[in-house]
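J.: Sharing a structure, written as structure tokens. Questions coming.
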Amino acid sequence: MTIEPKLHPPIEVSFAADETAARGAILKIMQALNARAISPDESGRVELVMAEVINNVVEHAYAGKLQGQITIRCTHRPGALDVQITDQGRPFPDIQLPDGVCASVDTDFDDLPEGGFGWFLIFQLTEGVQYTRDQDTNKLDIKFDLAQGAPPDQTA
Amino acid sequence: MNLTTTQSGEIQVITVNEARIDASVAIQFKDAMRSISDEGTSRILLDLSQVDFIDSSGLGAIVAAMKHIGSARKMDLSGLTPNVDKVFRLTRMDTIFGIHPSIEHAVAQSAG
């Protein structure tokens, strides 16, 4: 008889769509993830991608709205981390993801870009990003390959 | 947004006493940089050794600070931690800024 190793339980956080609440939620999730054997490089990657996606939701999906919630759910699978981010804000234009071309630095000094990096960073640092619009909910499913994989939860 | 400044020879060293420059503080960072840099005329070294996280808003704020200071007055960076360095490299902003491992290295280089 083989005993299946039990993976860590999912981490789920819901928070108000403003930058201060977002920062608190990301720190809370990273504390939980960093307690599992995830490398500093992978930790940095996950944190940056989450911050970029959430900034996007706050600035665009909920722009102009008085309030809204964002939910982040992280699920470990062997060798991977799935992060799902949902919100009830407006959909992406044409119900599709941006192309993620990085703002160019080949410009004159005064024309150097101060934005336009977010989606480029998200695509660069992940192994898959999928967007679905389900009635009034935006769902982003993001996959990270983790080199070391998630060790089984020994405490369970 | 806690910034402190010291003069090291001909360089104004501005130290960011924060762990994060992100969307929630990008505007405060830009405002604080304006105030602290407008007082001087020498080249600037932005010491980021305490910063272990920036997102694209933070990067944009650093670029905005440099643009405000103007092309005639150089602004270099020092003490980039791994995650911060990664953001500069991926976006190719490491080709725009002079980047030093430490304040000492930057000061020695400008003196030589």
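Naming works like this for the structure tokens: A, B, ... for the chains as they're shown, residue 1 at the start of each chain, ligands 1 onward in shown order.
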Which residues in region 6-99 of chain B does DSSP call helix (DSSP H, G or I)? List them as a PyMOL selection string.

T.: chain B and resi 26-38+56-69+82-90+93-95

J.: Would you please give, as a list in words, all residues of region 57-125 of chain A that DSSP assigns to strand (DSSP E) based on the backbone?

T.: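 Assigned to strand (DSSP E), within region 57-125 of chain A: Gln69, Ile70, Thr71, Ile72, Arg73, Cys74, Thr75, His76, Arg77, Ala80, Leu81, Asp82, Val83, Gln84, Ile85, Thr86 and Asp87 of chain A.
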
J.: Once you have the residues from the selection above, write them out as a compact mmCIF listing (two decimals), in the first residue's frame, restricted to C-alpha atoms.

T.:
```
# COMPACT_ATOMS: atom_id res chain seq x y z
CA GLN A 69 -13.07 42.69 -3.58
CA ILE A 70 -10.16 40.70 -4.95
CA THR A 71 -9.57 37.05 -4.06
CA ILE A 72 -6.27 35.23 -4.43
CA ARG A 73 -6.10 31.46 -4.13
CA CYS A 74 -2.75 29.61 -4.24
CA THR A 75 -2.66 25.85 -4.76
CA HIS A 76 0.49 23.74 -4.68
CA ARG A 77 0.78 20.79 -7.07
CA ALA A 80 4.05 23.84 -9.56
CA LEU A 81 2.08 26.61 -7.92
CA ASP A 82 -1.31 27.64 -9.32
CA VAL A 83 -2.45 31.14 -8.44
CA GLN A 84 -6.01 32.18 -9.24
CA ILE A 85 -6.99 35.82 -8.92
CA THR A 86 -10.66 36.78 -9.20
CA ASP A 87 -12.49 40.09 -9.10
```

J.: Give one line per residue of chain B that approaches chain A to at most 9 Å, naming the two atoms of the closest pair and their distance in Å to one decimal, counting only C-alpha atoms; sort by chain then ascending residue number and deliver it as CSV.

T.:
```
residue,atom,partner,partner_atom,distance
B:Asp22,CA,A:Ala51,CA,8.4
B:Ala23,CA,A:Glu19,CA,6.5
B:Ser24,CA,A:Glu19,CA,5.0
B:Val25,CA,A:Glu19,CA,8.8
B:Phe53,CA,A:Leu48,CA,8.0
B:Ile54,CA,A:Leu48,CA,7.8
B:Asp55,CA,A:Leu48,CA,6.2
B:Ser56,CA,A:Gly118,CA,5.8
B:Ser57,CA,A:Gly115,CA,6.9
B:Leu59,CA,A:Glu114,CA,7.3
B:Gly60,CA,A:Glu114,CA,3.9
B:Ala61,CA,A:Glu114,CA,6.8
B:Ile62,CA,A:Glu114,CA,8.3
B:Val63,CA,A:Glu114,CA,6.1
B:Ala64,CA,A:Glu114,CA,6.3
B:Lys67,CA,A:Asp110,CA,6.3
B:His68,CA,A:Asp110,CA,9.0
B:Gly70,CA,A:Asp110,CA,8.1
B:Ser71,CA,A:Phe109,CA,6.8
B:Pro82,CA,A:Asp41,CA,8.3
B:Asn83,CA,A:Gly44,CA,5.9
B:Val87,CA,A:Leu121,CA,8.0
B:Leu90,CA,A:Leu121,CA,7.4
B:Thr91,CA,A:Cys102,CA,6.8
B:Arg92,CA,A:Val105,CA,6.9
B:Met93,CA,A:Val105,CA,6.8
B:Thr95,CA,A:Val105,CA,8.3
B:Ile96,CA,A:Val105,CA,7.5
```

J.: What does the file look like for those residues with N, CA and C atoms, as a short mmCIF file (atom, residue, chain, number, x, y, z; two decimals), in the first residue's frame?

T.:
```cif
data_model
loop_
_atom_site.label_atom_id
_atom_site.label_comp_id
_atom_site.auth_asym_id
_atom_site.auth_seq_id
_atom_site.Cartn_x
_atom_site.Cartn_y
_atom_site.Cartn_z
N ASP B 22 6.53 50.35 -4.04
CA ASP B 22 5.49 49.68 -4.83
C ASP B 22 4.35 50.66 -5.11
N ALA B 23 3.26 50.14 -5.69
CA ALA B 23 2.15 50.99 -6.12
C ALA B 23 1.60 51.83 -4.97
N SER B 24 1.63 51.28 -3.75
CA SER B 24 1.02 52.01 -2.64
C SER B 24 1.84 53.22 -2.19
N VAL B 25 3.12 53.28 -2.58
CA VAL B 25 3.96 54.42 -2.16
C VAL B 25 4.66 55.12 -3.32
N PHE B 53 12.03 44.95 -2.43
CA PHE B 53 10.97 44.72 -3.41
C PHE B 53 10.62 46.01 -4.14
N ILE B 54 10.61 45.96 -5.49
CA ILE B 54 9.95 47.00 -6.27
C ILE B 54 9.08 46.32 -7.30
N ASP B 55 7.94 46.94 -7.63
CA ASP B 55 7.14 46.45 -8.75
C ASP B 55 7.28 47.46 -9.87
N SER B 56 6.48 47.30 -10.95
CA SER B 56 6.66 48.20 -12.09
C SER B 56 6.31 49.64 -11.73
N SER B 57 5.42 49.84 -10.75
CA SER B 57 5.12 51.20 -10.29
C SER B 57 6.34 51.81 -9.61
N LEU B 59 9.46 50.94 -10.19
CA LEU B 59 10.44 51.20 -11.24
C LEU B 59 10.10 52.52 -11.95
N GLY B 60 8.83 52.69 -12.29
CA GLY B 60 8.38 53.92 -12.95
C GLY B 60 8.66 55.15 -12.11
N ALA B 61 8.49 55.02 -10.81
CA ALA B 61 8.74 56.15 -9.91
C ALA B 61 10.22 56.51 -9.88
N ILE B 62 11.09 55.50 -9.92
CA ILE B 62 12.54 55.76 -9.95
C ILE B 62 12.92 56.44 -11.26
N VAL B 63 12.34 55.97 -12.36
CA VAL B 63 12.60 56.60 -13.66
C VAL B 63 12.10 58.05 -13.65
N ALA B 64 10.91 58.26 -13.10
CA ALA B 64 10.34 59.61 -13.03
C ALA B 64 11.25 60.53 -12.22
N LYS B 67 14.17 61.49 -14.37
CA LYS B 67 13.79 62.44 -15.40
C LYS B 67 13.59 63.84 -14.81
N HIS B 68 13.04 63.89 -13.61
CA HIS B 68 12.82 65.18 -12.96
C HIS B 68 14.16 65.86 -12.66
N GLY B 70 16.78 65.51 -14.32
CA GLY B 70 17.24 66.05 -15.60
C GLY B 70 18.49 65.39 -16.11
N SER B 71 18.66 65.40 -17.41
CA SER B 71 19.77 64.69 -18.04
C SER B 71 21.12 65.32 -17.73
N PRO B 82 18.75 41.32 -5.08
CA PRO B 82 18.47 40.45 -6.24
C PRO B 82 17.12 40.67 -6.92
N ASN B 83 16.03 40.79 -6.14
CA ASN B 83 14.72 40.95 -6.77
C ASN B 83 14.60 42.31 -7.47
N VAL B 87 14.21 43.19 -11.78
CA VAL B 87 13.24 44.07 -12.45
C VAL B 87 13.95 45.02 -13.41
N LEU B 90 15.23 42.74 -16.51
CA LEU B 90 14.18 42.24 -17.41
C LEU B 90 13.64 43.36 -18.30
N THR B 91 13.48 44.55 -17.74
CA THR B 91 12.92 45.67 -18.50
C THR B 91 13.99 46.43 -19.27
N ARG B 92 15.24 46.02 -19.14
CA ARG B 92 16.40 46.66 -19.77
C ARG B 92 16.67 48.06 -19.20
N MET B 93 16.09 48.36 -18.07
CA MET B 93 16.38 49.63 -17.41
C MET B 93 17.79 49.62 -16.81
N THR B 95 20.29 49.26 -18.53
CA THR B 95 21.12 49.91 -19.55
C THR B 95 20.97 51.44 -19.49
N ILE B 96 20.01 51.89 -18.69
CA ILE B 96 19.72 53.32 -18.62
C ILE B 96 20.40 53.96 -17.41
#
```

J.: Excluding Ala108 (chain B) and any residue of its chain fewer than 3 positions from it, enumerate the residues within 12 Å of it, using only C-alpha atoms, and give them as an MDAnalysis selection string.

T.: chainID B and resid 8:11 100:105 111:112

J.: List the spatial neighbours of Gln50 (chain B) as JSON, numbers by chain - criterion: any atom at most 10 Å away, only C-alpha atoms, same-chain residues fewer than 6 positions off excluded.

T.: {"B": [15, 16, 17, 18, 19, 20, 79, 80, 81]}

J.: Could you write out the selected residues, including C-alpha atoms, as a PDB file, in the first residue's frame?

T.:
```pdb
ATOM      1  CA  THR B  15      19.211  56.505   0.942  1.00  0.00           C
ATOM      2  CA  VAL B  16      15.763  54.913   0.754  1.00  0.00           C
ATOM      3  CA  ASN B  17      14.933  53.722   4.262  1.00  0.00           C
ATOM      4  CA  GLU B  18      12.095  51.490   3.100  1.00  0.00           C
ATOM      5  CA  ALA B  19      11.813  47.800   2.266  1.00  0.00           C
ATOM      6  CA  ARG B  20       9.390  48.345  -0.636  1.00  0.00           C
ATOM      7  CA  GLY B  79      22.997  48.356  -3.557  1.00  0.00           C
ATOM      8  CA  LEU B  80      20.392  46.670  -5.730  1.00  0.00           C
ATOM      9  CA  THR B  81      19.125  43.531  -3.998  1.00  0.00           C
TER      10      THR B  81
END
```

J.: In Å, with one decimal, what is the gap from CA of Lys28 (chain A) to CA of Lys139 (chain A)?

T.: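 So the answer is 20.9 Å.
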
J.: CA of Arg89 (chain B) and CA of Ser49 (chain B), how far apart in Å?

T.: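 If I compute the distance from CA of Ser49 (chain B) to CA of Arg89 (chain B), I get 16.7 Å.
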
J.: With distances taken over only C-alpha atoms, which of B:Phe97, B:Ser78, B:Leu3, B:Lys30 is nearest to Gly58 (chain B)?

T.: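 Result for the nearest residue to Gly58 (chain B): B:Lys30.
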